[in-house]
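Take a look at the structure set out below.
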Amino acid sequence: MTSQRPIRVLQVIDNLGMGGAETWLMEVLRLWSKSRAVRMDFLLTGGNRCVFDDEAQQLGARIHYVRYGRTHLARFTREFRRVLREGRYDAVHDHQDHASGWHFLLGTGALPPVRVTHVHNPAYMIRHCYGVNPGRRLTVRLGQALVACYSTRITGTSWQVIAECGYDAPRFRRIPKAALHCGFDPGRFLGCADVAKASLCREFGWPGDSKIVLFAGRIDQSPEAGPQNKNSGFAVSVGIECARRDARVRLLFAGAPSPAVATLEQRIADAGMSGRIRFAGVRRDIERLMLASDVLLFPSRAEGLGMVAVEAQAAGLPVLASTAVPRECVVVPELVRFQEVEAGEAKWAADLLELAAQPRNIPGANQRVAASPFAIENSAAALFKLYSNGAAA
């Protein structure tokens with residue numbers, strides 16, 4: 001990666017929180033801060049500080065807080081153009097799907113030659129979480145039309161999400177596309193499973209021989225079945241069924257809580273499983289949790305890729321995922337099993353217990369992930385090629 005001056009890139013994203021895209025960009029920033037091949041700045045359309053801001057600034061990134069929304073369009077336009085002009089960027093990488101088309105329209109006259117629209121979220125989320133009325137659905141359609149006009153590259157966390165969101169339609173034919181997987185350092189997931197399990201069991205007061213099922217992801221806003229993306233209510237039902245079948249089973253939920261937790265905890269108590277199914281909230285030690293666990297429960301109704309499944313494979317952890325999760329997340333096939341949500345709690349519980357009994361080969365699985373496009377060095381190399389000449393690896 002050589003250049004007369006660093007390539008300058010502006011990342012447009014809502015915030016620098018603990019999400020998959022944000023965590024990936026921070027991994028890339030840490031890597032590039034050592035080589036100085038790329039200068040990476042951020043424009044945060046949420047307008048608020050978040051967990052990674054201080055570290056990003058210490059690594060040399062400039063952060064611009066410019067709120068985007070209908071009531072902020074004039075200021076956003078003015079500030080966005082100013083940031084683009086003063087930064088003299090070679091590329092702008094927008095991680096907000098159809099909204100990138102609107103952003104690029106408002107940046108007309110100051111846009112760099114490389115303009116990337118990145119699709120992270122599945123169409124399921126657009127339909128059920130954003131496009132909930134005719135006005136919002138129109139905003140999505142117009143935003144995608146603007147993507148067709150302004151973007152020079154369309155990337156997605158998977159080919160599946162690119163197609164699901166309609167970016168394989170004829171009007172996007174002229175724009176090159178690529179699956180650009182988020183990356184991470186697989187070495188973080190190497191360790192001793194027995195030591196990690198003993199530590200986790202002490203933390204939660206569980207027996208040392210516990211069979212730990214891990215759910216890693218935010219808790220849905222509603223405990224009921226329906227358009228709940230992470231399907232945490234279903235996961236609780238599966239956990240209860242598992243615990244009924246095997247007294248050693250414990251289920252740990254690691255992720256941002258929601259108002260639904262109180263209702264779910266009552267369901268757990270009513271089933272007589274209090275203490276055996278726990279909500280741990282946001283954790284910064286996902287590597288330890290995956291090493292300590294025996295199987296990952298991943299019943300999402302939709303995913304852009306499902307990076308948590310890739311991280312699990314780096315820890316040699318078996319995964320039971322819904323069929324809605326893109327197959328592109330599979331690096332170690334013998335570790336990943338897919339199941340229809342409609343198969344029900346009993347089938348999911350039986351599969352989980354079978355997978356939890358598998359022997360683990362953590363070094364072997366980790367080595368295979370380290371050689372995949374998900375390794376941070378490979379992911380960053382694909383980004384560098386994208387920014388430097390507008391063509392993905």
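Residues in the structure tokens are named by chain (A, B, ... in the order shown) and by number from 1 within that chain; ligands are numbered from 1 in the order shown.
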
Problem - All residues 9 Å or closer to stretch 342-348 of chain A, only C-alpha atoms, same chain fewer than 5 positions away omitted, as number ranges by chain - result: A: 234-235, 237-242, 320, 353

With a cut-off of 12 Å, could you pull out the residues of stretch 11-61 of chain A touching stretch 244-266 of chain A and give me the nearest pair of atoms for each, distance in Å to one decimal, using only C-alpha atoms, ordered by chain and ascending number, as a Markdown table?
```
| residue | atom | partner | partner_atom | distance |
| --- | --- | --- | --- | --- |
| A:Gly17 | CA | A:Ala256 | CA | 11.3 |
| A:Met18 | CA | A:Ala256 | CA | 9.5 |
| A:Gly19 | CA | A:Gly255 | CA | 10.3 |
```

Now that the selection is made, can you save its residues with C-alpha atoms as a CSV table (one decimal), in the first residue's frame?
```
chain,number,residue,atom,x,y,z
A,17,GLY,CA,-21.3,2.8,18.7
A,18,MET,CA,-20.9,-1.0,19.2
A,19,GLY,CA,-22.6,-2.1,16.0
```

Completion exercise
Of A:Asp185, A:Asp168, A:Asp294, A:Glu340, the one nearest to A:Ile212 when counting only C-alpha atoms is A:Asp294

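Atom CA of A:Phe279 is positioned 15.8 Å from atom CA of A:Arg202.
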
Handout entry: alpha helix (DSSP H) per DSSP on the backbone: members of stretch 148-274 of chain A, as an MDAnalysis selection string
Key = chainID A and resid 148:150 159:164 193:204 232:245 260:270

Can you write out the residues you just picked, keeping N, CA and C atoms, as a tab-separated table (two decimals), in the first residue's frame?
```tsv
chain	number	residue	atom	x	y	z
A	148	ALA	N	-28.58	5.40	-7.91
A	148	ALA	CA	-28.32	5.07	-9.31
A	148	ALA	C	-27.67	6.22	-10.06
A	149	CYS	N	-27.96	7.44	-9.63
A	149	CYS	CA	-27.40	8.63	-10.31
A	149	CYS	C	-26.00	9.00	-9.82
A	150	TYR	N	-25.75	8.84	-8.52
A	150	TYR	CA	-24.55	9.43	-7.94
A	150	TYR	C	-23.47	8.42	-7.53
A	159	TRP	N	-23.66	-10.62	-0.87
A	159	TRP	CA	-24.36	-10.54	-2.15
A	159	TRP	C	-25.87	-10.67	-1.93
A	160	GLN	N	-26.25	-11.45	-0.92
A	160	GLN	CA	-27.67	-11.65	-0.65
A	160	GLN	C	-28.36	-10.34	-0.31
A	161	VAL	N	-27.72	-9.52	0.53
A	161	VAL	CA	-28.36	-8.27	0.93
A	161	VAL	C	-28.41	-7.28	-0.22
A	162	ILE	N	-27.43	-7.32	-1.12
A	162	ILE	CA	-27.46	-6.46	-2.31
A	162	ILE	C	-28.68	-6.80	-3.15
A	163	ALA	N	-28.92	-8.08	-3.36
A	163	ALA	CA	-30.06	-8.51	-4.18
A	163	ALA	C	-31.38	-8.25	-3.47
A	164	GLU	N	-31.45	-8.57	-2.17
A	164	GLU	CA	-32.68	-8.38	-1.41
A	164	GLU	C	-33.16	-6.93	-1.44
A	193	ALA	N	-10.82	-22.73	26.12
A	193	ALA	CA	-12.26	-22.78	26.40
A	193	ALA	C	-12.53	-23.14	27.86
A	194	ASP	N	-11.75	-24.05	28.42
A	194	ASP	CA	-11.99	-24.49	29.80
A	194	ASP	C	-11.77	-23.35	30.79
A	195	VAL	N	-10.71	-22.59	30.58
A	195	VAL	CA	-10.43	-21.46	31.47
A	195	VAL	C	-11.53	-20.41	31.36
A	196	ALA	N	-11.94	-20.12	30.12
A	196	ALA	CA	-13.00	-19.12	29.91
A	196	ALA	C	-14.31	-19.58	30.54
A	197	LYS	N	-14.64	-20.86	30.38
A	197	LYS	CA	-15.90	-21.35	30.95
A	197	LYS	C	-15.87	-21.29	32.47
A	198	ALA	N	-14.79	-21.68	33.06
A	198	ALA	CA	-14.69	-21.62	34.53
A	198	ALA	C	-14.89	-20.20	35.04
A	199	SER	N	-14.29	-19.24	34.34
A	199	SER	CA	-14.41	-17.84	34.72
A	199	SER	C	-15.85	-17.36	34.58
A	200	LEU	N	-16.51	-17.71	33.46
A	200	LEU	CA	-17.88	-17.26	33.24
A	200	LEU	C	-18.85	-17.91	34.23
A	201	CYS	N	-18.64	-19.17	34.53
A	201	CYS	CA	-19.51	-19.84	35.50
A	201	CYS	C	-19.37	-19.22	36.89
A	202	ARG	N	-18.17	-18.83	37.26
A	202	ARG	CA	-17.99	-18.14	38.54
A	202	ARG	C	-18.74	-16.82	38.54
A	203	GLU	N	-18.65	-16.09	37.41
A	203	GLU	CA	-19.29	-14.78	37.32
A	203	GLU	C	-20.80	-14.88	37.53
A	204	PHE	N	-21.44	-15.91	36.97
A	204	PHE	CA	-22.90	-16.00	37.04
A	204	PHE	C	-23.39	-17.02	38.06
A	232	SER	N	-35.38	-12.47	19.61
A	232	SER	CA	-34.95	-12.81	20.97
A	232	SER	C	-36.05	-13.50	21.77
A	233	GLY	N	-37.33	-13.18	21.50
A	233	GLY	CA	-38.40	-13.87	22.19
A	233	GLY	C	-38.41	-15.36	21.87
A	234	PHE	N	-38.20	-15.68	20.60
A	234	PHE	CA	-38.10	-17.08	20.18
A	234	PHE	C	-36.89	-17.73	20.84
A	235	ALA	N	-35.79	-17.00	20.94
A	235	ALA	CA	-34.58	-17.55	21.56
A	235	ALA	C	-34.84	-17.92	23.02
A	236	VAL	N	-35.62	-17.11	23.73
A	236	VAL	CA	-35.96	-17.45	25.11
A	236	VAL	C	-36.75	-18.76	25.16
A	237	SER	N	-37.72	-18.91	24.26
A	237	SER	CA	-38.52	-20.13	24.22
A	237	SER	C	-37.64	-21.34	23.94
A	238	VAL	N	-36.69	-21.19	23.01
A	238	VAL	CA	-35.77	-22.29	22.71
A	238	VAL	C	-34.91	-22.61	23.93
A	239	GLY	N	-34.44	-21.58	24.62
A	239	GLY	CA	-33.62	-21.79	25.81
A	239	GLY	C	-34.36	-22.52	26.90
A	240	ILE	N	-35.62	-22.16	27.10
A	240	ILE	CA	-36.44	-22.85	28.11
A	240	ILE	C	-36.58	-24.32	27.76
A	241	GLU	N	-36.83	-24.60	26.48
A	241	GLU	CA	-36.97	-26.00	26.05
A	241	GLU	C	-35.66	-26.76	26.23
A	242	CYS	N	-34.54	-26.13	25.90
A	242	CYS	CA	-33.23	-26.76	26.10
A	242	CYS	C	-33.00	-27.09	27.57
A	243	ALA	N	-33.31	-26.12	28.42
A	243	ALA	CA	-33.07	-26.29	29.86
A	243	ALA	C	-33.96	-27.39	30.44
A	244	ARG	N	-35.15	-27.56	29.89
A	244	ARG	CA	-36.03	-28.65	30.35
A	244	ARG	C	-35.45	-30.01	29.98
A	245	ARG	N	-34.77	-30.08	28.84
A	245	ARG	CA	-34.23	-31.35	28.36
A	245	ARG	C	-32.91	-31.72	29.03
A	260	ALA	N	-38.47	-5.04	26.48
A	260	ALA	CA	-39.02	-6.40	26.45
A	260	ALA	C	-38.38	-7.31	27.49
A	261	VAL	N	-37.22	-6.94	28.03
A	261	VAL	CA	-36.50	-7.83	28.94
A	261	VAL	C	-37.34	-8.19	30.16
A	262	ALA	N	-38.06	-7.22	30.72
A	262	ALA	CA	-38.87	-7.51	31.91
A	262	ALA	C	-39.90	-8.60	31.64
A	263	THR	N	-40.57	-8.53	30.49
A	263	THR	CA	-41.56	-9.55	30.13
A	263	THR	C	-40.90	-10.89	29.90
A	264	LEU	N	-39.76	-10.89	29.23
A	264	LEU	CA	-39.05	-12.14	28.97
A	264	LEU	C	-38.55	-12.77	30.27
A	265	GLU	N	-38.09	-11.95	31.20
A	265	GLU	CA	-37.64	-12.49	32.49
A	265	GLU	C	-38.80	-13.11	33.26
A	266	GLN	N	-40.00	-12.53	33.13
A	266	GLN	CA	-41.17	-13.12	33.79
A	266	GLN	C	-41.51	-14.47	33.18
A	267	ARG	N	-41.39	-14.58	31.85
A	267	ARG	CA	-41.63	-15.87	31.19
A	267	ARG	C	-40.63	-16.91	31.70
A	268	ILE	N	-39.39	-16.49	31.86
A	268	ILE	CA	-38.35	-17.41	32.35
A	268	ILE	C	-38.68	-17.86	33.77
A	269	ALA	N	-39.11	-16.91	34.60
A	269	ALA	CA	-39.47	-17.24	35.99
A	269	ALA	C	-40.68	-18.19	36.03
A	270	ASP	N	-41.67	-17.91	35.20
A	270	ASP	CA	-42.86	-18.76	35.15
A	270	ASP	C	-42.53	-20.19	34.74
```

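Residue neighbourhood of A:His120, excluding near-sequence residues (fewer than 4 positions): Gly156, Thr157 and Gly304 of chain A, at 6 Å, using only C-alpha atoms.
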
Restricting the output to N, CA and C atoms, write the selected residues as a short mmCIF file (atom, residue, chain, number, x, y, z; two decimals), in the first residue's frame.
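In the end it all went to again23.cif:
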```
data_model
loop_
_atom_site.label_atom_id
_atom_site.label_comp_id
_atom_site.auth_asym_id
_atom_site.auth_seq_id
_atom_site.Cartn_x
_atom_site.Cartn_y
_atom_site.Cartn_z
N GLY A 156 -22.08 -4.40 -0.38
CA GLY A 156 -22.97 -4.92 0.64
C GLY A 156 -22.23 -5.86 1.56
N THR A 157 -22.75 -6.07 2.72
CA THR A 157 -22.14 -7.03 3.64
C THR A 157 -22.22 -8.44 3.08
N GLY A 304 -27.89 -8.88 7.40
CA GLY A 304 -27.13 -8.46 6.24
C GLY A 304 -26.03 -9.46 5.92
#
```

Exercise for the section: From a DSSP pass on the backbone, collect the residues of stretch 32-113 of chain A flagged as strand (DSSP E) and hand them back as JSON, numbers by chain. Expected result: {"A": [38, 39, 40, 41, 42, 43, 44, 63, 64, 65, 91, 92, 93, 94]}

Exercise for the section: Compile the contact shell of A:Asn231 as a count of residues only: residues with an atom at most 7 Å away, counting only C-alpha atoms, same-chain residues fewer than 5 positions apart removed. Expected result: 4

Practice task
Skip A:Pro359 itself and residues of its chain fewer than 4 positions away, then list as an MDAnalysis selection string all residues within 10 Å of it, counting only C-alpha atoms.
Solution key: chainID A and resid 294 316:318 355

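Going from atom CA of A:Asn121 to atom CA of A:Val213 covers 25.5 Å.
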
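Between A:Leu142 and the residues A:Arg278, A:His103, A:Arg174, A:Arg283, the shortest atom-to-atom distance, using only C-alpha atoms, involves A:His103.
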
Neighbouring residues of stretch 377-379 of chain A were defined as those with any atom within 9 Å, considering only C-alpha atoms; residues of the same chain fewer than 4 positions away were excluded. Please report them as a PDB file with C-alpha atoms, in the first residue's frame.
```pdb
ATOM      1  CA  VAL A  28      -9.602  -0.787   9.922  1.00  0.00           C
ATOM      2  CA  LEU A  31      -4.646  -1.041  11.202  1.00  0.00           C
ATOM      3  CA  LEU A 180     -17.445  -6.249   0.964  1.00  0.00           C
ATOM      4  CA  HIS A 181     -17.366  -8.201   4.187  1.00  0.00           C
ATOM      5  CA  CYS A 182     -16.706  -6.545   7.499  1.00  0.00           C
ATOM      6  CA  GLY A 183     -13.444  -7.755   8.999  1.00  0.00           C
ATOM      7  CA  PHE A 184     -11.933  -8.388  12.425  1.00  0.00           C
ATOM      8  CA  ASP A 185      -8.813  -9.808  14.034  1.00  0.00           C
ATOM      9  CA  ALA A 370      -7.702 -15.892   9.428  1.00  0.00           C
ATOM     10  CA  ALA A 371      -7.255 -16.957   5.789  1.00  0.00           C
ATOM     11  CA  SER A 372     -10.723 -15.739   4.770  1.00  0.00           C
ATOM     12  CA  PRO A 373     -11.979 -12.353   3.493  1.00  0.00           C
ATOM     13  CA  LEU A 383     -11.199  -1.365   0.993  1.00  0.00           C
ATOM     14  CA  PHE A 384      -7.879   0.135  -0.045  1.00  0.00           C
TER      15      PHE A 384
END
```

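Using only C-alpha atoms, the contacts of A:Val332 at a cut-off of 8 Å, with sequence neighbours closer than 3 positions omitted, comprise Gln313, Leu335, Val336, Ala365, Arg368 and Val369 of chain A.
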
Could those residues be written to a file, using C-alpha atoms, as a short mmCIF file (atom, residue, chain, number, x, y, z; two decimals), in the first residue's frame?
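File produced: result06.cif:
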```cif
data_model
loop_
_atom_site.label_atom_id
_atom_site.label_comp_id
_atom_site.auth_asym_id
_atom_site.auth_seq_id
_atom_site.Cartn_x
_atom_site.Cartn_y
_atom_site.Cartn_z
CA GLN A 313 -16.32 -19.79 14.00
CA LEU A 335 -19.45 -25.59 12.60
CA VAL A 336 -22.59 -24.03 11.11
CA ALA A 365 -11.06 -23.11 12.96
CA ARG A 368 -9.35 -20.91 8.49
CA VAL A 369 -11.08 -17.67 9.44
#
```

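A straight line drawn from atom CA of A:Asn48 to atom CA of A:Arg136 is 23.4 Å long.
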
Completion exercise
Residue with the minimum atom-to-atom distance to A:Tyr68, picked from A:Ala178, A:Trp102, A:Ile286, A:Asn361 with only C-alpha atoms counted, is A:Trp102

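Of the residues listed (A:Gly60, A:Gly107, A:Pro134, A:Gly208), A:Gly208 shows the shortest atom-to-atom separation from A:Ser293; distances use only C-alpha atoms.
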
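Of the listed residues (A:Leu111, A:Ala321, A:Val308, A:Ala315), A:Ala315 comes nearest to A:Arg188; the distances count only C-alpha atoms.
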
Handout entry: Counting only C-alpha atoms, the option among A:Leu16, A:Ile362, A:Leu297, A:Ala314 closest to A:Ala349
Key = A:Leu297
